[in-house]
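**Q** One structure follows; several queries about it will come next.
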Amino acid sequence: MNAGPAAKVTVIKHALASHSLAILRNVDTPTGIFRWHSDQIAGLLIAEATRELATREYEVTTPLTTARGERLARPLVAIPVLRSGIALIGAIQRMLPDTVVGFIGLERDEETAKAHLYYHKIPADLSGHPVLVLDPMLATGGSMSDTLSHVRAQGAKDITAICVVAAPEGIRRINDEHPDVRIFTAAVDSHLDDNWYIVPGLGDYGDRYFNTL
Ligand code: URA
C-alpha cells in the first residue's frame with residue numbers, strides 16, 4: 001500500500017532496531033523483555049530523529065585545558081500520546097534528562113469522532129522548542145492528528161512524531177492534515193485490520209508494555 005509522500009517519513013535502518021522490533025512483535029515475549037526492547041528501540045528512534053537538532057558552541061574547561069563543546073540550542077519538549085506514548089518517555093529522559101515532558105489528554109467521542117480535551121499540561125508557548133510527539137503505534141492517525149493540532153495551537157513549528165510501527169493509513173492522514181510534521185518509525189506495516197490494529201503489528205502496545213492483558 002502506498003504510504004503517500006515519502007519525504008516526511010523516515011524508516012530508521014539500524015540492526016539493533018530490527019533486532020528489538022522482532023522481539024516486540026513476538027507474541028511470546030514476556031513483559032520485562034518487551035519493556036527493555038521498547039526502551040532500546042525508542043532510544044534509537046529518538047537518536048535518529050534528533051540527529052540534526054541545532055546546537056550552540058561553548059567553551060568547556062577540561063582538567064588540562066579548554067575545549068569547544070556543544071549544547072542543544074533550544075530545549076526539547078516531549079509529548080506522549082496517552083496511554084502508550086508514556087512507554088517512550090524513559091528513553092528520552094535517559095538520553096536528555098532535562099527534557100520537558102508535557103501531557104495532553106484527549107478522549108474521542110465514539111459517536112461524533114471529535115476529541116475532547118480532559119487534561120492539558122504543556123508549556124504555554126512551544127514556538128521556540130523542537131517538539132517530539134511520542135506514540136508507539138501510528139494506526140489510523142486520529143489521536144496523533146488531534147494531539148498535533150493542540151501542539152500546533154501552542155505555537156509549535158518544529159514537530160517530529162516518533163512511532164515504533166506505522167500503518168500506511170496513519171502516515172497518509174498525518175501527511176494530509178499536518179504536512180510539515182516529520183515521522184520517524186522503525187517499520188511501515190501492511191494495513192489496519194477491521195478493529196484498527198496494525199497488521200502484522202505487535203498487538204496492543206499499551207497492554208503489552210503495561211502488562212494489562
Ligand atoms: N494501537 C496499538 O497498540 N496497536 C495497534 O495495532 C494499533 C493501535
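All residue names refer to the C-alpha cells as shown: chains lettered A, B, ... in order, residues numbered from 1 in each chain, ligands numbered from 1 in order.
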Neighbours of ligand 1 at 9 Å or closer, counting only C-alpha atoms and all ligand atoms: which residues, as a ChimeraX atom specification?
**A** /A:84,135-140,165-167,192-193,195-208
**Q** Would you mind listing what lies within 8 Å of Gly105 of chain A as a JSON list (two decimals) with N, CA, C and O atoms, in the first residue's frame, with only C-alpha atoms counted and same-chain residues fewer than 4 positions away left out?
**A**
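Written out: out21.json:
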```json
[["chain", "number", "residue", "atom", "x", "y", "z"],
["A", 81, "VAL", "N", 1.51, 10.59, 23.49],
["A", 81, "VAL", "CA", 0.08, 10.40, 23.24],
["A", 81, "VAL", "C", -0.38, 9.31, 24.21],
["A", 81, "VAL", "O", 0.14, 8.19, 24.19],
["A", 82, "LEU", "N", -1.29, 9.67, 25.11],
["A", 82, "LEU", "CA", -1.71, 8.74, 26.16],
["A", 82, "LEU", "C", -2.54, 7.60, 25.57],
["A", 82, "LEU", "O", -3.26, 7.83, 24.62],
["A", 117, "LEU", "N", -10.77, 17.33, 25.13],
["A", 117, "LEU", "CA", -9.54, 17.55, 25.90],
["A", 117, "LEU", "C", -9.85, 17.46, 27.38],
["A", 117, "LEU", "O", -10.61, 18.27, 27.90],
["A", 118, "TYR", "N", -9.30, 16.47, 28.09],
["A", 118, "TYR", "CA", -9.58, 16.35, 29.52],
["A", 118, "TYR", "C", -8.38, 16.66, 30.39],
["A", 118, "TYR", "O", -8.51, 16.78, 31.60],
["A", 119, "TYR", "N", -7.21, 16.82, 29.79],
["A", 119, "TYR", "CA", -6.02, 17.19, 30.58],
["A", 119, "TYR", "C", -5.03, 17.90, 29.68],
["A", 119, "TYR", "O", -4.85, 17.52, 28.52],
["A", 120, "HIS", "N", -4.37, 18.92, 30.23],
["A", 120, "HIS", "CA", -3.51, 19.75, 29.41],
["A", 120, "HIS", "C", -2.43, 20.32, 30.29],
["A", 120, "HIS", "O", -2.72, 21.13, 31.18]]
```
**Q** Go through segment 56-157 of chain A and flag each residue having an atom no more than 9 Å from segment 41-45 of chain A; for those, report the closest pair of atoms plus their distance in Å to one decimal, using only C-alpha atoms, ordered by chain and rising number, as CSV.
**A**
```
residue,atom,partner,partner_atom,distance
A:Ala87,CA,A:Ala42,CA,8.7
A:Leu88,CA,A:Ala42,CA,5.8
A:Ile89,CA,A:Ala42,CA,8.4
A:Gly90,CA,A:Ala42,CA,8.6
A:Ala91,CA,A:Gly43,CA,5.2
A:Ile92,CA,A:Gly43,CA,6.8
A:Arg94,CA,A:Gly43,CA,8.6
A:Met95,CA,A:Gly43,CA,7.5
A:Pro136,CA,A:Ala42,CA,8.5
```
**Q** Quick one: distance from atom CA of Gly142 of chain A to atom CA of Ala115 of chain A in Å, one decimal?
**A** 9.0 Å
**Q** From a DSSP calculation on the backbone, collect every residue of segment 39-204 of chain A in helix (DSSP H, G or I) and output the set as a PyMOL selection string.
**A** chain A and resi 39-49+84-95+142-153+168-177
**Q** What does the distance from atom CA of Leu96 of chain A to atom CA of Asp39 of chain A come to in Å, to one decimal?
**A** 13.9 Å
**Q** Looking at A:Val181, A:Ala67, A:Ala73, A:Leu134, which one is nearest to Arg152 of chain A, with distances taken over only C-alpha atoms?
**A** A:Val181
**Q** Can you list every residue in segment 17-201 of chain A that DSSP puts in strand (DSSP E or B), as a ChimeraX atom specification?
**A** /A:55-61,66-72,77-81,100-101,103-108,115-121,130-134,137-138,158-166,182-188,191-192,198-199
**Q** Point out the residue among A:Glu48, A:Asp28, A:Glu169, A:Glu59 with the least atom-to-atom distance to His14 of chain A, counting only C-alpha atoms.
**A**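 Answer, going by the shortest atom-to-atom distance: A:Glu48.
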**Q** Please, what distance in Å, to one decimal, runs between atom CA of Leu126 of chain A and atom CA of Ile46 of chain A?
**A** 19.0 Å
